[in-house]
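Trainee: For reference, this is protein-v5.cif, and it has mmCIF, C-alpha atoms and all ligand atoms.
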data_my_file
loop_
_atom_site.label_atom_id
_atom_site.label_comp_id
_atom_site.auth_asym_id
_atom_site.auth_seq_id
_atom_site.Cartn_x
_atom_site.Cartn_y
_atom_site.Cartn_z
CA MET T 283 15.48 23.58 24.76
CA PRO T 284 16.45 26.24 22.17
CA ALA T 285 16.14 25.24 18.51
CA ASN T 286 19.87 25.24 17.98
CA LYS T 287 20.22 22.82 15.07
CA SER T 288 19.04 23.79 11.61
CA LEU T 289 17.58 21.28 9.21
CA LEU T 290 16.43 21.86 5.64
CA VAL T 291 13.87 19.26 4.57
CA LEU T 292 13.34 18.68 0.84
CA PRO T 293 10.57 16.10 0.27
CA GLY T 294 10.78 16.15 -3.55
CA ASP T 295 8.56 13.93 -5.68
CA GLY T 296 6.68 10.65 -5.72
CA ILE T 297 6.96 8.87 -2.37
CA GLY T 298 9.38 11.60 -1.18
CA PRO T 299 6.71 13.62 0.66
CA GLU T 300 5.23 10.43 2.19
CA VAL T 301 8.49 9.15 3.66
CA ILE T 302 9.62 12.63 4.71
CA GLY T 303 6.30 13.06 6.55
CA GLU T 304 7.29 10.17 8.82
CA VAL T 305 10.77 11.63 9.34
CA ARG T 306 9.16 14.88 10.51
CA ARG T 307 7.31 12.95 13.20
CA VAL T 308 10.61 11.48 14.40
CA VAL T 309 12.20 14.94 14.38
CA ASP T 310 9.28 16.27 16.45
CA TRP T 311 9.65 13.34 18.83
CA MET T 312 13.36 14.11 19.28
CA ASP T 313 12.47 17.76 19.91
CA LYS T 314 10.09 16.82 22.69
CA ARG T 315 11.81 13.89 24.28
CA ARG T 316 15.56 14.25 23.85
CA ALA T 317 18.24 16.81 24.57
CA VAL T 318 18.35 17.95 20.97
CA SER T 319 16.17 20.43 19.18
CA PHE T 320 15.71 21.47 15.58
CA ASN T 321 14.76 24.47 13.55
CA VAL T 322 13.16 22.81 10.52
CA GLU T 323 12.51 24.49 7.19
CA GLU T 324 10.85 22.76 4.27
CA ASP T 325 11.33 23.60 0.59
CA LEU T 326 10.97 22.26 -2.93
CA VAL T 327 13.32 20.20 -5.05
CA GLY T 328 12.99 18.21 -8.29
CA GLY T 329 9.71 18.02 -10.14
CA ALA T 330 7.92 19.85 -7.34
CA ALA T 331 10.30 22.80 -7.83
CA ILE T 332 9.92 22.64 -11.62
CA ASP T 333 6.13 22.89 -11.25
CA LYS T 334 6.45 25.96 -9.02
CA HIS T 335 9.57 27.77 -10.29
CA GLY T 336 10.32 26.19 -13.68
CA ILE T 337 13.68 24.89 -12.44
CA PRO T 338 14.53 21.84 -10.30
CA LEU T 339 16.23 23.85 -7.55
CA ALA T 340 15.63 27.55 -6.94
CA ASP T 341 18.62 29.73 -6.01
CA ALA T 342 16.96 30.62 -2.71
CA THR T 343 16.69 26.90 -1.85
CA MET T 344 20.33 26.37 -2.79
CA ASP T 345 21.30 29.24 -0.46
CA LYS T 346 19.36 27.68 2.37
CA ALA T 347 21.06 24.33 1.76
CA LEU T 348 24.45 26.01 2.03
CA ASN T 349 23.54 27.64 5.33
CA VAL T 350 21.97 24.87 7.41
CA ASP T 351 23.60 22.17 9.51
CA ALA T 352 22.08 19.38 7.42
CA VAL T 353 19.77 18.76 4.48
CA ILE T 354 17.36 15.82 4.41
CA LEU T 355 15.97 14.87 1.01
CA GLY T 356 13.23 12.42 0.01
CA ALA T 357 13.58 11.63 -3.69
CA VAL T 358 13.23 13.36 -7.03
CA GLY T 359 11.88 12.47 -10.45
CA GLY T 360 8.94 10.79 -12.08
CA PRO T 361 7.20 10.18 -15.40
CA LYS T 362 5.59 13.63 -15.36
CA TRP T 363 9.00 15.23 -16.07
CA ASP T 364 10.54 12.45 -18.21
CA GLU T 365 10.18 14.41 -21.47
CA LEU T 366 12.19 17.41 -20.25
CA PRO T 367 15.69 17.91 -21.67
CA PHE T 368 18.48 16.53 -19.49
CA GLU T 369 19.57 19.90 -18.04
CA ARG T 370 16.05 20.69 -16.84
CA LYS T 371 15.13 17.33 -15.33
CA PRO T 372 14.31 16.89 -11.61
CA GLU T 373 17.55 14.94 -11.08
CA ARG T 374 19.51 18.12 -11.90
CA GLY T 375 18.26 19.61 -8.65
CA LEU T 376 19.95 16.87 -6.69
CA LEU T 377 23.12 17.12 -8.79
CA ARG T 378 23.26 20.87 -8.16
CA LEU T 379 22.99 20.29 -4.41
CA ARG T 380 25.81 17.73 -4.47
CA LYS T 381 28.00 19.93 -6.64
CA GLU T 382 27.56 23.28 -4.87
CA MET T 383 27.76 21.74 -1.42
CA GLN T 384 30.88 19.89 -2.66
CA LEU T 385 29.78 16.60 -1.20
CA TYR T 386 32.78 14.44 -1.96
CA ALA T 387 32.21 11.56 0.45
CA ASN T 388 29.20 9.30 0.04
CA LEU T 389 28.46 7.14 3.08
CA ARG T 390 26.48 3.97 2.53
CA PRO T 391 26.03 1.67 5.52
CA ALA T 392 25.18 -1.98 5.15
CA LEU T 393 23.46 -2.79 8.40
CA CYS T 394 21.69 -6.05 9.10
CA PHE T 395 18.40 -5.88 10.93
CA GLU T 396 18.02 -9.14 12.81
CA ALA T 397 14.37 -9.64 11.83
CA LEU T 398 15.30 -9.41 8.15
CA VAL T 399 18.21 -11.85 8.26
CA GLU T 400 16.09 -14.43 6.47
CA ALA T 401 15.54 -12.06 3.55
CA SER T 402 19.26 -11.97 2.74
CA SER T 403 20.59 -14.04 -0.11
CA LEU T 404 23.47 -15.08 2.16
CA LYS T 405 23.23 -17.57 5.01
CA PRO T 406 22.18 -15.97 8.32
CA GLU T 407 25.56 -16.55 10.00
CA PHE T 408 27.25 -14.38 7.37
CA VAL T 409 24.96 -11.37 7.72
CA SER T 410 23.66 -11.53 11.29
CA GLY T 411 25.12 -8.56 13.17
CA LEU T 412 26.63 -7.11 9.99
CA ASP T 413 27.49 -3.41 10.24
CA ILE T 414 29.81 -2.03 7.59
CA MET T 415 30.21 1.42 6.11
CA ILE T 416 31.24 2.05 2.54
CA ILE T 417 32.65 5.46 1.70
CA ARG T 418 32.59 6.26 -1.97
CA GLU T 419 34.48 9.25 -3.36
CA LEU T 420 31.70 11.15 -5.12
CA THR T 421 33.01 14.16 -7.04
CA GLY T 422 36.12 12.90 -8.84
CA GLY T 423 37.44 9.89 -10.71
CA VAL T 424 36.39 8.41 -14.01
CA TYR T 425 32.85 9.87 -13.97
CA PHE T 426 34.26 13.40 -14.17
CA GLY T 427 37.83 13.05 -15.51
CA GLU T 428 39.02 14.76 -18.72
CA PRO T 429 39.45 13.93 -21.53
CA ARG T 430 36.10 12.28 -22.09
CA GLY T 431 33.78 11.80 -25.04
CA ILE T 432 33.27 9.77 -28.21
CA GLU T 433 35.51 10.49 -31.20
CA THR T 434 35.78 9.15 -34.71
CA LEU T 435 39.19 7.88 -35.75
CA GLU T 436 40.73 8.30 -39.21
CA ASN T 437 39.94 4.68 -40.06
CA GLY T 438 36.25 5.35 -39.36
CA GLU T 439 36.18 3.48 -36.06
CA ARG T 440 34.70 5.32 -33.11
CA ARG T 441 36.40 5.53 -29.72
CA GLY T 442 34.77 6.18 -26.35
CA ILE T 443 36.96 7.80 -23.70
CA ASN T 444 36.73 8.32 -19.96
CA THR T 445 39.66 9.14 -17.77
CA GLN T 446 40.34 8.20 -14.16
CA VAL T 447 41.89 11.24 -12.48
CA TYR T 448 42.64 11.81 -8.79
CA THR T 449 44.74 14.49 -7.12
CA THR T 450 46.43 14.05 -3.76
CA SER T 451 44.00 16.44 -2.05
CA GLU T 452 40.97 14.61 -3.44
CA ILE T 453 42.33 11.34 -2.07
CA ARG T 454 43.36 12.73 1.29
CA ARG T 455 40.07 14.45 2.11
CA VAL T 456 37.93 11.38 1.49
CA ALA T 457 40.42 9.14 3.29
CA ALA T 458 40.30 11.53 6.27
CA VAL T 459 36.52 11.08 6.42
CA ALA T 460 37.04 7.31 6.47
CA PHE T 461 39.61 7.41 9.27
CA GLU T 462 37.52 9.79 11.36
CA LEU T 463 34.47 7.58 10.95
CA ALA T 464 36.42 4.45 11.82
CA ARG T 465 37.40 6.10 15.09
CA LYS T 466 33.71 6.38 15.97
CA ARG T 467 33.20 2.75 14.95
CA ARG T 468 35.45 -0.31 15.26
CA GLY T 469 38.67 1.40 14.25
CA LYS T 470 39.45 -0.29 10.94
CA VAL T 471 39.68 1.10 7.39
CA THR T 472 39.99 -0.99 4.24
CA SER T 473 41.12 1.12 1.28
CA CYS T 474 40.28 -0.32 -2.14
CA GLU T 475 41.74 0.45 -5.58
CA LYS T 476 43.57 -1.40 -8.34
CA ALA T 477 47.12 -0.25 -7.67
CA ASN T 478 48.30 -3.35 -9.54
CA VAL T 479 47.07 -1.99 -12.89
CA MET T 480 46.21 1.71 -12.45
CA GLU T 481 48.54 4.63 -11.69
CA SER T 482 45.69 6.53 -10.04
CA GLY T 483 45.38 3.51 -7.76
CA VAL T 484 49.10 3.65 -6.95
CA LEU T 485 48.74 7.30 -5.95
CA TRP T 486 45.59 6.47 -3.98
CA ARG T 487 47.44 3.81 -1.99
CA GLN T 488 50.46 6.06 -1.36
CA GLU T 489 48.38 9.00 -0.16
CA VAL T 490 46.13 6.93 2.09
CA THR T 491 49.20 5.31 3.64
CA LYS T 492 50.87 8.70 4.13
CA LEU T 493 47.83 10.30 5.75
CA HIS T 494 47.43 7.28 8.00
CA GLY T 495 51.02 7.63 9.24
CA GLU T 496 50.66 11.38 9.74
CA SER T 497 47.35 11.60 11.58
CA PHE T 498 45.53 8.32 12.04
CA SER T 499 47.98 5.66 13.15
CA ASP T 500 45.56 4.67 15.94
CA VAL T 501 43.22 3.31 13.24
CA GLU T 502 43.99 -0.03 11.61
CA LEU T 503 44.59 0.38 7.85
CA GLU T 504 44.42 -2.39 5.26
CA HIS T 505 44.72 -2.12 1.46
CA MET T 506 42.75 -4.43 -0.78
CA TYR T 507 42.33 -4.63 -4.54
CA ALA T 508 38.79 -3.67 -5.43
CA ASP T 509 38.02 -6.93 -7.25
CA ASN T 510 39.13 -8.90 -4.22
CA ALA T 511 36.94 -6.64 -2.03
CA ALA T 512 33.96 -7.51 -4.25
CA MET T 513 34.63 -11.20 -3.54
CA GLN T 514 35.30 -10.73 0.16
CA LEU T 515 32.02 -8.82 0.57
CA VAL T 516 30.00 -11.88 -0.33
CA ARG T 517 32.44 -14.40 1.14
CA GLN T 518 33.06 -12.95 4.62
CA PRO T 519 31.42 -9.50 4.88
CA LYS T 520 31.90 -9.18 8.63
CA GLN T 521 35.69 -8.78 8.20
CA PHE T 522 35.05 -5.13 7.22
CA ASP T 523 34.39 -2.02 9.27
CA VAL T 524 34.89 1.04 7.01
CA ILE T 525 35.69 0.64 3.32
CA VAL T 526 36.94 3.69 1.41
CA THR T 527 37.24 3.67 -2.35
CA ASP T 528 36.96 5.73 -5.53
CA ASN T 529 33.83 6.82 -7.35
CA LEU T 530 33.55 3.91 -9.78
CA PHE T 531 34.51 1.04 -7.48
CA GLY T 532 32.45 2.66 -4.74
CA ASP T 533 29.38 2.80 -6.95
CA ILE T 534 29.59 -0.95 -7.44
CA LEU T 535 30.82 -2.05 -4.01
CA SER T 536 28.21 0.05 -2.18
CA ASP T 537 25.36 -1.47 -4.18
CA GLU T 538 26.79 -4.94 -3.63
CA ALA T 539 27.16 -4.41 0.13
CA ALA T 540 23.69 -2.89 0.42
CA MET T 541 22.06 -5.93 -1.09
CA LEU T 542 23.62 -8.22 1.51
CA THR T 543 20.99 -6.96 3.89
CA GLY T 544 17.93 -6.66 1.71
CA SER T 545 15.41 -4.07 0.62
CA LEU T 546 15.88 -0.70 -1.03
CA GLY T 547 13.27 0.60 1.41
CA MET T 548 15.73 0.07 4.30
CA LEU T 549 18.84 1.78 2.92
CA PRO T 550 19.98 5.20 4.16
CA SER T 551 22.87 7.30 2.89
CA ALA T 552 24.80 10.45 3.64
CA SER T 553 26.91 12.67 1.43
CA ILE T 554 29.32 14.95 3.20
CA GLY T 555 31.77 17.66 2.27
CA ASP T 556 34.26 20.06 3.75
CA VAL T 557 34.09 21.95 7.00
CA ASP T 558 33.27 25.59 6.19
CA ASP T 559 34.39 28.84 7.89
CA THR T 560 31.71 28.50 10.55
CA GLY T 561 32.88 25.01 11.50
CA ARG T 562 30.03 23.21 9.76
CA ARG T 563 30.62 20.11 7.69
CA LYS T 564 28.23 20.24 4.71
CA ALA T 565 25.94 17.23 4.67
CA LEU T 566 23.01 15.82 2.74
CA TYR T 567 21.09 12.82 4.01
CA GLU T 568 18.77 10.79 1.78
CA PRO T 569 17.48 7.28 1.22
CA VAL T 570 19.19 5.25 -1.52
CA HIS T 571 15.87 4.62 -3.27
CA GLY T 572 14.16 6.90 -5.80
CA SER T 573 10.68 8.40 -6.00
CA ALA T 574 8.99 5.04 -6.70
CA PRO T 575 6.25 6.42 -9.00
CA ASP T 576 4.69 2.94 -9.18
CA ILE T 577 3.52 3.18 -5.55
CA ALA T 578 3.48 6.97 -5.00
CA GLY T 579 0.42 8.35 -3.22
CA GLU T 580 -0.75 4.91 -2.11
CA GLY T 581 0.67 4.90 1.40
CA LYS T 582 2.75 1.82 0.60
CA ALA T 583 6.25 3.27 0.79
CA ASN T 584 8.65 2.12 3.47
CA PRO T 585 9.74 5.24 5.39
CA LEU T 586 12.55 3.48 7.28
CA ALA T 587 15.34 4.26 4.77
CA THR T 588 14.66 7.97 5.19
CA ILE T 589 14.22 7.72 8.96
CA LEU T 590 17.55 5.86 9.14
CA SER T 591 19.07 8.66 7.04
CA PHE T 592 17.96 11.08 9.75
CA ALA T 593 19.62 8.77 12.28
CA MET T 594 22.84 9.15 10.29
CA ALA T 595 22.41 12.94 10.52
CA LEU T 596 22.11 12.64 14.28
CA ARG T 597 25.28 10.57 14.44
CA TYR T 598 27.52 12.30 11.91
CA THR T 599 26.36 15.93 11.79
CA PHE T 600 24.89 16.49 15.24
CA ASP T 601 27.14 14.19 17.25
CA HIS T 602 24.12 12.64 18.93
CA GLY T 603 25.14 9.04 18.39
CA GLU T 604 23.04 7.88 21.32
CA ASP T 605 19.90 9.23 19.64
CA ALA T 606 20.90 7.57 16.37
CA ASP T 607 21.32 4.30 18.29
CA LEU T 608 17.86 4.80 19.72
CA ILE T 609 16.28 5.09 16.28
CA GLU T 610 18.15 2.05 14.99
CA LYS T 611 17.07 0.07 18.05
CA ALA T 612 13.46 1.17 17.53
CA VAL T 613 13.65 0.00 13.90
CA GLN T 614 14.96 -3.39 15.09
CA GLN T 615 12.04 -3.67 17.52
CA VAL T 616 9.35 -2.66 15.02
CA LEU T 617 10.64 -5.30 12.65
CA ALA T 618 10.87 -7.84 15.47
CA ARG T 619 7.18 -7.19 16.16
CA GLY T 620 6.50 -8.39 12.61
CA ILE T 621 5.40 -5.00 11.33
CA ARG T 622 6.16 -4.66 7.64
CA THR T 623 5.54 -2.46 4.63
CA ALA T 624 4.98 -4.35 1.38
CA ASP T 625 8.61 -4.21 0.22
CA ILE T 626 9.82 -6.21 3.25
CA MET T 627 6.69 -8.29 3.80
CA SER T 628 7.20 -11.88 4.93
CA PRO T 629 4.82 -14.74 5.72
CA GLY T 630 2.97 -14.25 9.00
CA ALA T 631 3.98 -10.58 9.35
CA THR T 632 1.55 -7.66 9.58
CA LEU T 633 1.29 -5.45 6.50
CA VAL T 634 1.06 -1.76 7.37
CA SER T 635 0.94 1.59 5.56
CA THR T 636 3.70 4.21 5.48
CA GLU T 637 1.96 6.16 8.21
CA ASP T 638 1.36 3.16 10.45
CA MET T 639 5.01 2.16 10.12
CA GLY T 640 5.90 5.66 11.28
CA LYS T 641 3.50 5.43 14.21
CA ALA T 642 4.78 1.99 15.22
CA LEU T 643 8.29 3.39 15.24
CA LEU T 644 7.26 6.23 17.55
CA GLU T 645 5.70 3.68 19.93
CA GLU T 646 9.00 1.83 20.07
CA LEU T 647 10.87 5.10 20.62
CA ASP T 648 8.48 5.87 23.50
CA SER T 649 9.16 2.48 25.03
CA LEU T 650 12.94 2.93 24.74
CA ALA T 651 13.33 6.51 25.93
P1 LIG F 1 13.08 3.57 -7.29
O1 LIG F 1 14.07 3.39 -6.20
O2 LIG F 1 12.23 4.76 -7.23
O3 LIG F 1 12.12 2.29 -7.33
C1 LIG F 1 12.59 0.96 -7.61
C2 LIG F 1 11.58 -0.06 -7.05
O4 LIG F 1 11.70 -0.11 -5.63
C3 LIG F 1 10.13 0.31 -7.33
O5 LIG F 1 9.39 -0.86 -7.57
C4 LIG F 1 9.67 0.96 -6.06
O6 LIG F 1 8.30 0.84 -5.82
C5 LIG F 1 10.49 0.24 -5.00
N1 LIG F 1 10.78 1.14 -3.87
C6 LIG F 1 11.68 2.16 -3.87
N2 LIG F 1 11.69 2.78 -2.68
C7 LIG F 1 10.78 2.15 -1.91
C8 LIG F 1 10.32 2.35 -0.57
N3 LIG F 1 10.79 3.31 0.22
N4 LIG F 1 9.36 1.51 -0.11
C9 LIG F 1 8.87 0.53 -0.88
N5 LIG F 1 9.26 0.30 -2.15
C10 LIG F 1 10.21 1.10 -2.66
O7 LIG F 1 13.90 3.54 -8.66
P2 LIG F 1 13.38 3.71 -10.17
O8 LIG F 1 12.06 3.05 -10.34
O9 LIG F 1 14.52 3.30 -10.99
O10 LIG F 1 13.21 5.29 -10.38
C11 LIG F 1 11.98 5.99 -10.21
C12 LIG F 1 12.24 7.49 -10.28
O11 LIG F 1 13.08 7.87 -9.18
C13 LIG F 1 12.96 7.94 -11.54
O12 LIG F 1 12.43 9.19 -11.93
C14 LIG F 1 14.39 8.08 -11.09
O13 LIG F 1 15.10 9.02 -11.87
C15 LIG F 1 14.21 8.57 -9.68
N6 LIG F 1 15.35 8.28 -8.80
C16 LIG F 1 15.68 9.25 -7.91
C17 LIG F 1 16.69 9.06 -7.01
C18 LIG F 1 16.94 10.10 -6.00
O14 LIG F 1 16.14 11.01 -5.83
N7 LIG F 1 18.04 10.03 -5.27
C19 LIG F 1 17.48 7.81 -7.00
C20 LIG F 1 17.02 6.82 -7.94
C21 LIG F 1 16.00 7.08 -8.82
MG MG F 2 24.72 2.79 -8.17
#
Please lay out the structure from this file as structure tokens.

Mentor:
Amino acid sequence: MPANKSLLVLPGDGIGPEVIGEVRRVVDWMDKRRAVSFNVEEDLVGGAAIDKHGIPLADATMDKALNVDAVILGAVGGPKWDELPFERKPERGLLRLRKEMQLYANLRPALCFEALVEASSLKPEFVSGLDIMIIRELTGGVYFGEPRGIETLENGERRGINTQVYTTSEIRRVAAVAFELARKRRGKVTSCEKANVMESGVLWRQEVTKLHGESFSDVELEHMYADNAAMQLVRQPKQFDVIVTDNLFGDILSDEAAMLTGSLGMLPSASIGDVDDTGRRKALYEPVHGSAPDIAGEGKANPLATILSFAMALRYTFDHGEDADLIEKAVQQVLARGIRTADIMSPGATLVSTEDMGKALLEELDSLA
């Protein structure tokens, strides 16, 4: 099998290298056992890059990121670099990647693993079988809109300003991602804004409706006010398939949805951008969690969030959904066997290290393939 898919792996800091190490084993397994093959390159990001190059992302690394099929990142940051000025911090490396790759759609699944149903704060019947996808617009909206800042008024009062701004093209491109994804899933999109009180929400609703009529009328479209969506997510989460929303509401709704199913150590994500001249859609896959300095180097980290991020790469970048299914099934089975890292430990289960979790997963993959 020729190494036809290119993957840039950026372990980063803290537990990043530990969890990425287990992803590399899964990549190798895919290489050997499945009809997919990767050309993997590894490089530095975050504090690791600061230590070597003095900056959190070298230009050469940025170039590589722009020229591969997908980037997989562990995590960046840690106390060692906390004193650095904001522009030189490890986190800037990740921000540069997102910005230069123009990753405008952030995909956050909320997937319930049967063995962890009991860990949810909701009753089992509400989360069992849950599989929803939240798409958050990532490069526009109130976090970036102008004018912004803090000003002092003539009467001496101070005023803080942020502005919600969306153009039609910004709305349409993220909505298109949602509709395309829904086609690969259960065919339903819920678009969330506050069109009742915000003009940007009115435009959002109009543009999503228009695009739906033009190109995606086979997908079911529903509009919902974002505050109602927040309620519905905890009331009846299984009514949703794909949710698409702006940067601010998406920040909140994606965290809310993620917690329906439990631990930070289980949560993958993808950030995707435009299709370039060569037909590639820019994509960065990473766990939702950070570098966890409190447990770094101790072999305690749960590698499943990062492994599930690789599964998302298989599904959304490489169009190997069946291999993504295989990984998700293997995760279900490992958990069903009672194998747990500390973050998802439960009474009677077996506590294992990062590496042993990775190995157990490979055993399940072997048994499934
Ligand atoms: P964190 O996600 O690193 O850790 C929060 C808590 O969850 C910690 O107790 C940690 O031990 C635990 N945890 C996280 N991932 C885990 C895993 N895979 N397995 C088991 N336990 C896990 O968030 P925190 O503590 O706020 O930030 C730590 C550092 O990470 C900071 O420097 C922060 O800036 C950075 N960070 C980086 C992110 C990224 O690279 N995308 C995202 C969030 C934070
Ligand atoms: Mg957040």

Trainee: Neighbours of ligand MG 2 (chain F) within 12 Å, counting all atoms listed in the file, as a list in words?

Mentor: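 These are the residues that qualify: Asn388, Arg390, Arg418, Leu420, Asn529, Leu530, Phe531, Gly532, Asp533, Ile534, Leu535, Ser536, Asp537, Glu538, Ala539, Ala540, Met541, Leu546, Val570, His571 and Gly572 of chain T.
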
Trainee: Got a sec: who's within 10 Å of T:Val516, counting only C-alpha atoms, leaving out chain neighbours fewer than 2 positions off, as an NGL selection string?

Mentor: :T and (403-404 or 408-409 or 511-514 or 518-520 or 538-539 or 541-542)

Trainee: Kindly provide, as a PyMOL selection string, all nucleotide and amino acid residues lying within 10 Å of ligand LIG 1 (chain F), counting all atoms listed in the file.

Mentor: chain T and resi 293-298+300-301+327-329+355-364+371-377+545-549+551+568-578+581-588+623-626+636

Trainee: Around all listed atoms of stretch 342-353 of chain T, padded 8 Å per side, what centre and edge lengths does the axis-aligned box have in Å to one decimal, as lines of an AutoDock Vina configuration file?

Mentor:
center_x = 20.6
center_y = 24.7
center_z = 3.4
size_x = 23.8
size_y = 27.9
size_z = 28.3

Trainee: Using only C-alpha atoms, find the one residue out of T:Lys334, T:Arg467, T:Lys641, T:His494 that sits nearest to T:Pro391.

Mentor: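 Nearest candidate to T:Pro391 out of T:Lys334, T:Arg467, T:Lys641, T:His494: T:Arg467.
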
Trainee: Please list as an MDAnalysis selection string every residue within 7 Å of T:Asp523, counting all atoms listed in the file and excluding residues in the same chain fewer than 5 positions away.

Mentor: chainID T and resid 414:415 468 470:471

Trainee: Please dump the current selection as an mmCIF file, in the coordinates of the input; keep C-alpha atoms.

Mentor:
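The resulting file, selection_23.cif, is reproduced below:
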data_model
loop_
_atom_site.group_PDB
_atom_site.id
_atom_site.type_symbol
_atom_site.label_atom_id
_atom_site.label_comp_id
_atom_site.auth_asym_id
_atom_site.auth_seq_id
_atom_site.Cartn_x
_atom_site.Cartn_y
_atom_site.Cartn_z
ATOM 1 C CA ILE T 414 29.810 -2.030 7.590
ATOM 2 C CA MET T 415 30.210 1.420 6.110
ATOM 3 C CA ARG T 468 35.450 -0.310 15.260
ATOM 4 C CA LYS T 470 39.450 -0.290 10.940
ATOM 5 C CA VAL T 471 39.680 1.100 7.390
#

Trainee: Env of T:Arg597: 12 Å cut, atoms = only C-alpha atoms, seq-sep filter 2 positions within chain, self excluded. Answer as a list in words.

Mentor: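 The residues that qualify are Ala352, Leu463, Lys466, Arg467, Ala552, Ala565, Tyr567, Leu590, Ser591, Phe592, Ala593, Met594, Ala595, Thr599, Phe600, Asp601, His602, Gly603, Glu604, Asp605, Ala606, Asp607, Leu608, Ile609 and Glu610 of chain T.
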
Trainee: What would the file look like if the residues just selected were written as a PDB file, in the frame of the given file with C-alpha atoms?

Mentor:
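This is the output file selection.pdb:
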ATOM      1  CA  ALA T 352      22.080  19.380   7.420  1.00  0.00           C
ATOM      2  CA  LEU T 463      34.470   7.580  10.950  1.00  0.00           C
ATOM      3  CA  LYS T 466      33.710   6.380  15.970  1.00  0.00           C
ATOM      4  CA  ARG T 467      33.200   2.750  14.950  1.00  0.00           C
ATOM      5  CA  ALA T 552      24.800  10.450   3.640  1.00  0.00           C
ATOM      6  CA  ALA T 565      25.940  17.230   4.670  1.00  0.00           C
ATOM      7  CA  TYR T 567      21.090  12.820   4.010  1.00  0.00           C
ATOM      8  CA  LEU T 590      17.550   5.860   9.140  1.00  0.00           C
ATOM      9  CA  SER T 591      19.070   8.660   7.040  1.00  0.00           C
ATOM     10  CA  PHE T 592      17.960  11.080   9.750  1.00  0.00           C
ATOM     11  CA  ALA T 593      19.620   8.770  12.280  1.00  0.00           C
ATOM     12  CA  MET T 594      22.840   9.150  10.290  1.00  0.00           C
ATOM     13  CA  ALA T 595      22.410  12.940  10.520  1.00  0.00           C
ATOM     14  CA  THR T 599      26.360  15.930  11.790  1.00  0.00           C
ATOM     15  CA  PHE T 600      24.890  16.490  15.240  1.00  0.00           C
ATOM     16  CA  ASP T 601      27.140  14.190  17.250  1.00  0.00           C
ATOM     17  CA  HIS T 602      24.120  12.640  18.930  1.00  0.00           C
ATOM     18  CA  GLY T 603      25.140   9.040  18.390  1.00  0.00           C
ATOM     19  CA  GLU T 604      23.040   7.880  21.320  1.00  0.00           C
ATOM     20  CA  ASP T 605      19.900   9.230  19.640  1.00  0.00           C
ATOM     21  CA  ALA T 606      20.900   7.570  16.370  1.00  0.00           C
ATOM     22  CA  ASP T 607      21.320   4.300  18.290  1.00  0.00           C
ATOM     23  CA  LEU T 608      17.860   4.800  19.720  1.00  0.00           C
ATOM     24  CA  ILE T 609      16.280   5.090  16.280  1.00  0.00           C
ATOM     25  CA  GLU T 610      18.150   2.050  14.990  1.00  0.00           C
TER      26      GLU T 610
END

Trainee: Could you work out how far atom CA of T:Glu428 lies from atom CA of T:Arg441, giving the answer in Å with one decimal?

Mentor: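 Between atom CA of T:Arg441 and atom CA of T:Glu428 the gap is 14.6 Å.
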
Trainee: May I ask which of the residues T:Val634, T:Arg465, T:Val459, T:Ala330 is the closest one to T:Pro299, counting only C-alpha atoms?

Mentor: T:Ala330

Trainee: Have a look at atom CA of T:Asn444 and atom CA of T:Val424 and let me know their distance in Å, one decimal.

Mentor: 6.0 Å

Trainee: Expressed in Å to a single decimal, how great is the separation between atom CA of T:Met383 and atom CA of T:Lys564?

Mentor: 6.3 Å

Trainee: Skipping near chain neighbours, those fewer than 2 positions away, what residues fall within 12 Å of T:Lys492 using only C-alpha atoms, listed as an mmCIF file with C-alpha atoms, keeping the file's coordinate frame?

Mentor:
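Wrote part06.cif, looks like this:
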data_model
loop_
_atom_site.group_PDB
_atom_site.id
_atom_site.type_symbol
_atom_site.label_atom_id
_atom_site.label_comp_id
_atom_site.auth_asym_id
_atom_site.auth_seq_id
_atom_site.Cartn_x
_atom_site.Cartn_y
_atom_site.Cartn_z
ATOM 1 C CA THR T 450 46.430 14.050 -3.760
ATOM 2 C CA ILE T 453 42.330 11.340 -2.070
ATOM 3 C CA ARG T 454 43.360 12.730 1.290
ATOM 4 C CA ALA T 457 40.420 9.140 3.290
ATOM 5 C CA ALA T 458 40.300 11.530 6.270
ATOM 6 C CA LEU T 485 48.740 7.300 -5.950
ATOM 7 C CA TRP T 486 45.590 6.470 -3.980
ATOM 8 C CA ARG T 487 47.440 3.810 -1.990
ATOM 9 C CA GLN T 488 50.460 6.060 -1.360
ATOM 10 C CA GLU T 489 48.380 9.000 -0.160
ATOM 11 C CA VAL T 490 46.130 6.930 2.090
ATOM 12 C CA HIS T 494 47.430 7.280 8.000
ATOM 13 C CA GLY T 495 51.020 7.630 9.240
ATOM 14 C CA GLU T 496 50.660 11.380 9.740
ATOM 15 C CA SER T 497 47.350 11.600 11.580
ATOM 16 C CA PHE T 498 45.530 8.320 12.040
ATOM 17 C CA SER T 499 47.980 5.660 13.150
ATOM 18 C CA LEU T 503 44.590 0.380 7.850
#

Trainee: Go through T:Asn286, T:Asn437, T:Gly442, T:Asp345 and flag the residue nearest T:Val318, using only C-alpha atoms for the distances.

Mentor: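 Ranked by minimum distance to T:Val318, first place goes to T:Asn286.
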
Trainee: Which is closest to T:Leu348 among T:Asn510, T:Thr527, T:Asn321, T:Gln384, if we use only C-alpha atoms?

Mentor: T:Gln384

Trainee: Using all atoms listed in the file, find the one residue out of T:Tyr386, T:Ile554, T:Glu502, T:Pro629 that sits nearest to T:Ser451.

Mentor: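 With all atoms listed in the file as the atom set, the closest residue is T:Tyr386.
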
Trainee: Which residue gives the smallest distance to T:Leu385 among T:Val613, T:Ala508, T:Val557, T:Ala317, with only C-alpha atoms counted?

Mentor: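 The closest residue to T:Leu385 is T:Val557.
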